[in-house]
Structures are given as C-alpha cells and as structure tokens.
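So this block is input.tsv, TSV, C-alpha atoms:
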```
chain	number	residue	atom	x	y	z
U	1	MET	CA	44.09	47.43	-41.03
U	2	ARG	CA	45.66	45.06	-38.51
U	3	HIS	CA	46.35	41.46	-39.45
U	4	GLY	CA	46.49	38.57	-36.99
U	5	LYS	CA	44.85	40.45	-34.09
U	6	LEU	CA	41.30	40.23	-32.90
U	7	GLY	CA	39.65	43.31	-31.51
U	8	ILE	CA	37.53	43.36	-28.37
U	9	GLY	CA	34.37	43.35	-30.48
U	10	SER	CA	35.45	40.22	-32.34
U	11	LEU	CA	36.30	38.41	-29.10
U	12	LEU	CA	32.96	39.40	-27.58
U	13	GLY	CA	31.15	38.09	-30.66
U	14	VAL	CA	32.99	34.77	-30.50
U	15	GLY	CA	32.19	34.45	-26.78
U	16	ILE	CA	28.49	35.07	-27.35
U	17	ALA	CA	28.42	32.53	-30.20
U	18	LEU	CA	30.10	29.88	-28.00
U	19	ALA	CA	27.74	30.55	-25.11
U	20	GLY	CA	24.75	30.13	-27.43
U	21	THR	CA	26.12	26.83	-28.71
U	22	LEU	CA	26.66	25.50	-25.19
U	23	ALA	CA	23.18	26.54	-24.11
U	24	MET	CA	21.67	24.61	-27.03
U	25	ALA	CA	23.67	21.38	-26.37
U	26	PRO	CA	21.46	18.54	-25.12
U	27	ALA	CA	21.69	17.80	-21.42
U	28	SER	CA	23.11	14.46	-20.36
U	29	ALA	CA	20.34	12.01	-19.52
U	30	ALA	CA	20.13	10.81	-15.96
U	31	VAL	CA	18.53	7.69	-14.58
U	32	THR	CA	16.51	7.95	-11.37
U	33	PRO	CA	16.96	6.48	-8.91
U	34	ASP	CA	20.59	5.62	-9.61
U	35	THR	CA	20.72	2.93	-6.88
U	36	ALA	CA	18.11	0.39	-5.82
U	37	THR	CA	17.94	-2.81	-3.78
U	38	LEU	CA	16.01	-6.05	-3.97
U	39	SER	CA	16.20	-9.56	-2.52
U	40	PHE	CA	17.22	-12.65	-4.50
U	41	ASP	CA	16.80	-16.39	-3.92
U	42	CYS	CA	19.58	-18.33	-5.67
U	43	GLY	CA	18.42	-21.83	-4.68
U	44	SER	CA	21.22	-23.97	-3.25
U	45	TYR	CA	23.70	-21.09	-3.80
U	46	GLY	CA	22.01	-18.94	-1.18
U	47	SER	CA	19.80	-15.89	-0.87
U	48	GLY	CA	20.24	-12.29	0.12
U	49	THR	CA	19.98	-8.71	-0.98
U	50	ALA	CA	21.42	-7.06	-4.06
U	51	THR	CA	22.30	-3.46	-4.76
U	52	LEU	CA	21.86	-2.33	-8.36
U	53	THR	CA	23.60	0.83	-9.53
U	54	ALA	CA	22.53	2.28	-12.89
U	55	THR	CA	24.07	4.88	-15.20
U	56	GLN	CA	22.96	6.23	-18.55
U	57	ASN	CA	24.63	7.87	-21.53
U	58	GLY	CA	22.02	8.52	-24.21
U	59	THR	CA	20.47	5.17	-25.14
U	60	ASP	CA	23.38	3.21	-23.61
U	61	ALA	CA	22.95	2.16	-20.00
U	62	THR	CA	24.91	0.11	-17.49
U	63	ILE	CA	23.92	-1.62	-14.28
U	64	SER	CA	26.39	-2.93	-11.70
U	65	VAL	CA	25.28	-5.60	-9.23
U	66	SER	CA	26.62	-6.34	-5.77
U	67	THR	CA	24.86	-9.15	-3.94
U	68	SER	CA	25.22	-11.04	-0.70
U	69	ALA	CA	23.12	-13.84	-2.25
U	70	ILE	CA	26.21	-15.44	-3.85
U	71	THR	CA	29.65	-15.62	-2.29
U	72	SER	CA	32.80	-16.76	-4.03
U	73	PRO	CA	34.25	-20.06	-2.79
U	74	ILE	CA	37.74	-19.09	-4.04
U	75	ASP	CA	39.58	-15.97	-5.17
U	76	LEU	CA	38.23	-14.83	-8.53
U	77	GLY	CA	40.19	-12.68	-10.92
U	78	ALA	CA	38.86	-9.53	-12.51
U	79	ASN	CA	36.60	-10.05	-15.55
U	80	SER	CA	36.02	-13.75	-14.81
U	81	VAL	CA	32.30	-13.66	-13.97
U	82	THR	CA	29.69	-13.67	-16.74
U	83	SER	CA	26.30	-12.26	-15.78
U	84	GLN	CA	22.87	-11.58	-17.22
U	85	LEU	CA	20.41	-9.37	-15.37
U	86	THR	CA	16.84	-9.68	-16.60
U	87	LEU	CA	14.66	-6.66	-15.89
U	88	THR	CA	10.94	-6.07	-16.27
U	89	LYS	CA	10.58	-3.29	-18.84
U	90	ASN	CA	7.66	-0.85	-18.56
U	91	GLY	CA	5.67	-3.31	-16.43
U	92	SER	CA	5.19	-6.07	-19.01
U	93	ASP	CA	8.15	-6.67	-21.34
U	94	THR	CA	11.64	-7.76	-20.35
U	95	THR	CA	15.14	-6.69	-21.31
U	96	VAL	CA	18.54	-8.20	-20.52
U	97	PHE	CA	21.72	-6.43	-19.45
U	98	SER	CA	24.82	-8.62	-19.75
U	99	GLY	CA	28.57	-8.59	-19.44
U	100	SER	CA	31.76	-10.22	-18.23
U	101	SER	CA	33.16	-7.40	-16.17
U	102	ASN	CA	33.84	-7.68	-12.46
U	103	PRO	CA	36.43	-6.57	-9.93
U	104	ALA	CA	38.72	-9.17	-8.36
U	105	ILE	CA	36.70	-11.01	-5.70
U	106	PRO	CA	38.44	-12.54	-2.66
U	107	ALA	CA	37.31	-16.00	-1.42
U	108	GLY	CA	34.27	-15.75	0.86
U	109	SER	CA	33.27	-12.31	-0.45
U	110	ALA	CA	30.00	-11.28	-2.05
U	111	VAL	CA	29.94	-11.43	-5.83
U	112	SER	CA	29.98	-8.09	-7.63
U	113	THR	CA	29.46	-7.90	-11.36
U	114	GLY	CA	29.23	-5.20	-13.92
U	115	PRO	CA	28.91	-2.89	-15.43
U	116	LEU	CA	26.39	-4.95	-17.37
U	117	THR	CA	25.38	-3.19	-20.56
U	118	GLY	CA	22.03	-2.67	-22.26
U	119	THR	CA	20.04	-0.24	-24.36
U	120	VAL	CA	17.23	2.01	-23.13
U	121	ALA	CA	14.77	4.46	-24.61
U	122	PRO	CA	13.66	7.71	-22.97
U	123	GLY	CA	11.02	6.95	-20.35
U	124	ASP	CA	11.86	3.23	-20.00
U	125	GLN	CA	11.13	1.88	-16.52
U	126	LEU	CA	13.26	-1.14	-15.56
U	127	ALA	CA	13.11	-3.32	-12.43
U	128	GLY	CA	15.29	-6.34	-11.68
U	129	SER	CA	13.59	-9.74	-11.86
U	130	SER	CA	16.39	-12.33	-12.16
U	131	LEU	CA	20.16	-12.62	-12.23
U	132	GLN	CA	22.19	-15.39	-13.82
U	133	VAL	CA	25.84	-15.57	-12.76
U	134	VAL	CA	28.40	-17.96	-14.27
U	135	VAL	CA	31.49	-18.53	-12.10
U	136	LEU	CA	34.09	-21.15	-13.08
U	137	GLY	CA	31.56	-22.76	-15.45
U	138	ILE	CA	28.92	-23.09	-12.72
U	139	THR	CA	25.65	-21.21	-13.31
U	140	ALA	CA	23.68	-19.76	-10.43
U	141	THR	CA	20.23	-18.42	-11.24
U	142	CYS	CA	18.73	-15.99	-8.74
U	143	ASN	CA	15.10	-14.88	-8.78
U	144	ALA	CA	13.88	-11.67	-7.18
U	145	THR	CA	11.82	-12.27	-4.03
U	146	SER	CA	11.02	-8.61	-3.38
U	147	PRO	CA	10.19	-5.61	-5.52
U	148	GLN	CA	13.03	-3.27	-6.40
U	149	SER	CA	13.20	-0.45	-3.86
U	150	PRO	CA	12.72	2.51	-4.03
U	151	GLY	CA	11.19	1.54	-7.39
U	152	PRO	CA	12.10	0.93	-11.01
U	153	PHE	CA	14.92	2.77	-12.74
U	154	VAL	CA	13.47	5.47	-15.00
U	155	PHE	CA	15.65	6.39	-17.97
```
Just dump the structure as structure tokens.
Amino acid sequence: MRHGKLGIGSLLGVGIALAGTLAMAPASAAVTPDTATLSFDCGSYGSGTATLTATQNGTDATISVSTSAITSPIDLGANSVTSQLTLTKNGSDTTVFSGSSNPAIPAGSAVSTGPLTGTVAPGDQLAGSSLQVVVLGITATCNATSPQSPGPFVF
C-alpha cells in the first residue's frame, strides 16, 4: 500500500467529479442589449443623446451613462457627480439606479456617470425615462424625448 500518492484511477475520478461540478454551476446572467441610446431634454442645461451601458451579476445590475445633454462648466473630480436614472420597469412600473461614481471630467466635456447600481429580477425589462444629475450642488433633470434604442434592457 502506497501512502501519499494518487494513482491514475484516483486522478481520473477527481477530474470527472470536478468536470461534473463545473457543468452544474449556474451560468452568469447577461443583459441584452448591453448598450442602448436615447435622447434627453435637460431644460436650460441642454439636450442631446445618452448612451447607457448595462451589466448584470445575479440580481445586482449597473448602468453607466454618458450624455452630450449636459457638459461640465469646469473640471470635475472623480466621484463628484451624484446621479439617479429612473427606468420604466416591465412597461408600467419604475425603478431607480443611483450612485456617486464618475470618472474625472474635464471642463467642456460631456458628463459621464456610473456605474449606477440597482436590483433586477430575471426577465425584467428596463428602459430609461429620466436622469437627475447633481453637479456642485446644482441639479439638472433630464427627461427622455425618444424611446431607448434598440429597446429595453432585458435582464
């Protein structure tokens, strides 16, 4: 009897057991589409298009927003913009994704914000309807003027 050594049969058995475990692991959920666009009107702050980029990890989801509708009047440091993105949920309800995460934004550049975080359930369909951005204590509210294209995010 050998101690401390595994035979070929033992290694093969371990390999088959591991392969079976990996095959039974749940697949990572994916949102489709992962990028969409829509137009916003932000009143006296401007108007323009926005690109929304969504990701999903189980019931946790994030959406990042880049929009030409709002430009920064001065250099803004990272994590200095607070945002709330309201989305139509399943055609009738609403849900809000929020956060205070953004890259540094040079003066005169389009505002980018996110990832904004929220919770989703399998099958949820979300489409952007409004965006509230707070920069240096000033709140800009932007309302969607077009449907999200190519369509709602499906989680």
Original post:
Got a sec: who's within 10 Å of range 82-90 of chain U, counting all atoms listed in the file, leaving out chain neighbours fewer than 3 positions off, as a ChimeraX atom specification?
Top reply: /U:63-65,79,93-102,112-118,120,123-137,139-143,152-154
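Here the question is which of U:Pro73, U:Ser109, U:Thr51, U:Thr145 gets nearest to Asp34 in chain U using all atoms listed in the file, and that residue is U:Thr51.
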Subject >> Interatomic distance (Å, one decimal) between CA of Ala78 in chain U and CA of Val31 in chain U >> reply: 26.7 Å
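When all atoms listed in the file are used to compute distances to Ile74 in chain U, the closest of the residues U:Asn57, U:Thr32, U:Ala104, U:Ser146 turns out to be U:Ala104.
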**OP:** Work out how far CA of Ala144 in chain U is from CA of Phe40 in chain U, in Å to one decimal.
**Re:** 4.4 Å
Subject >> For Gly48 in chain U: contacts at 7 Å, only C-alpha atoms, fewer than 6 positions along chain excluded, given as a list in words >> reply: Ser39, Phe40, Asp41, Thr67, Ser68 and Ala69 of chain U
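Pairwise distance (CA of Ala50 in chain U, CA of Thr35 in chain U) equals 10.4 Å.
In terms of minimum interatomic distance to Pro150 in chain U, U:Thr37 ranks closest within U:Ala30, U:Thr37, U:Ala110, U:Ile138, counting all atoms listed in the file.
When all atoms listed in the file are used to measure the gap to Gln148 in chain U, the shortest distance among U:Thr49, U:Ser44, U:Gln56, U:Ser92 belongs to U:Thr49.
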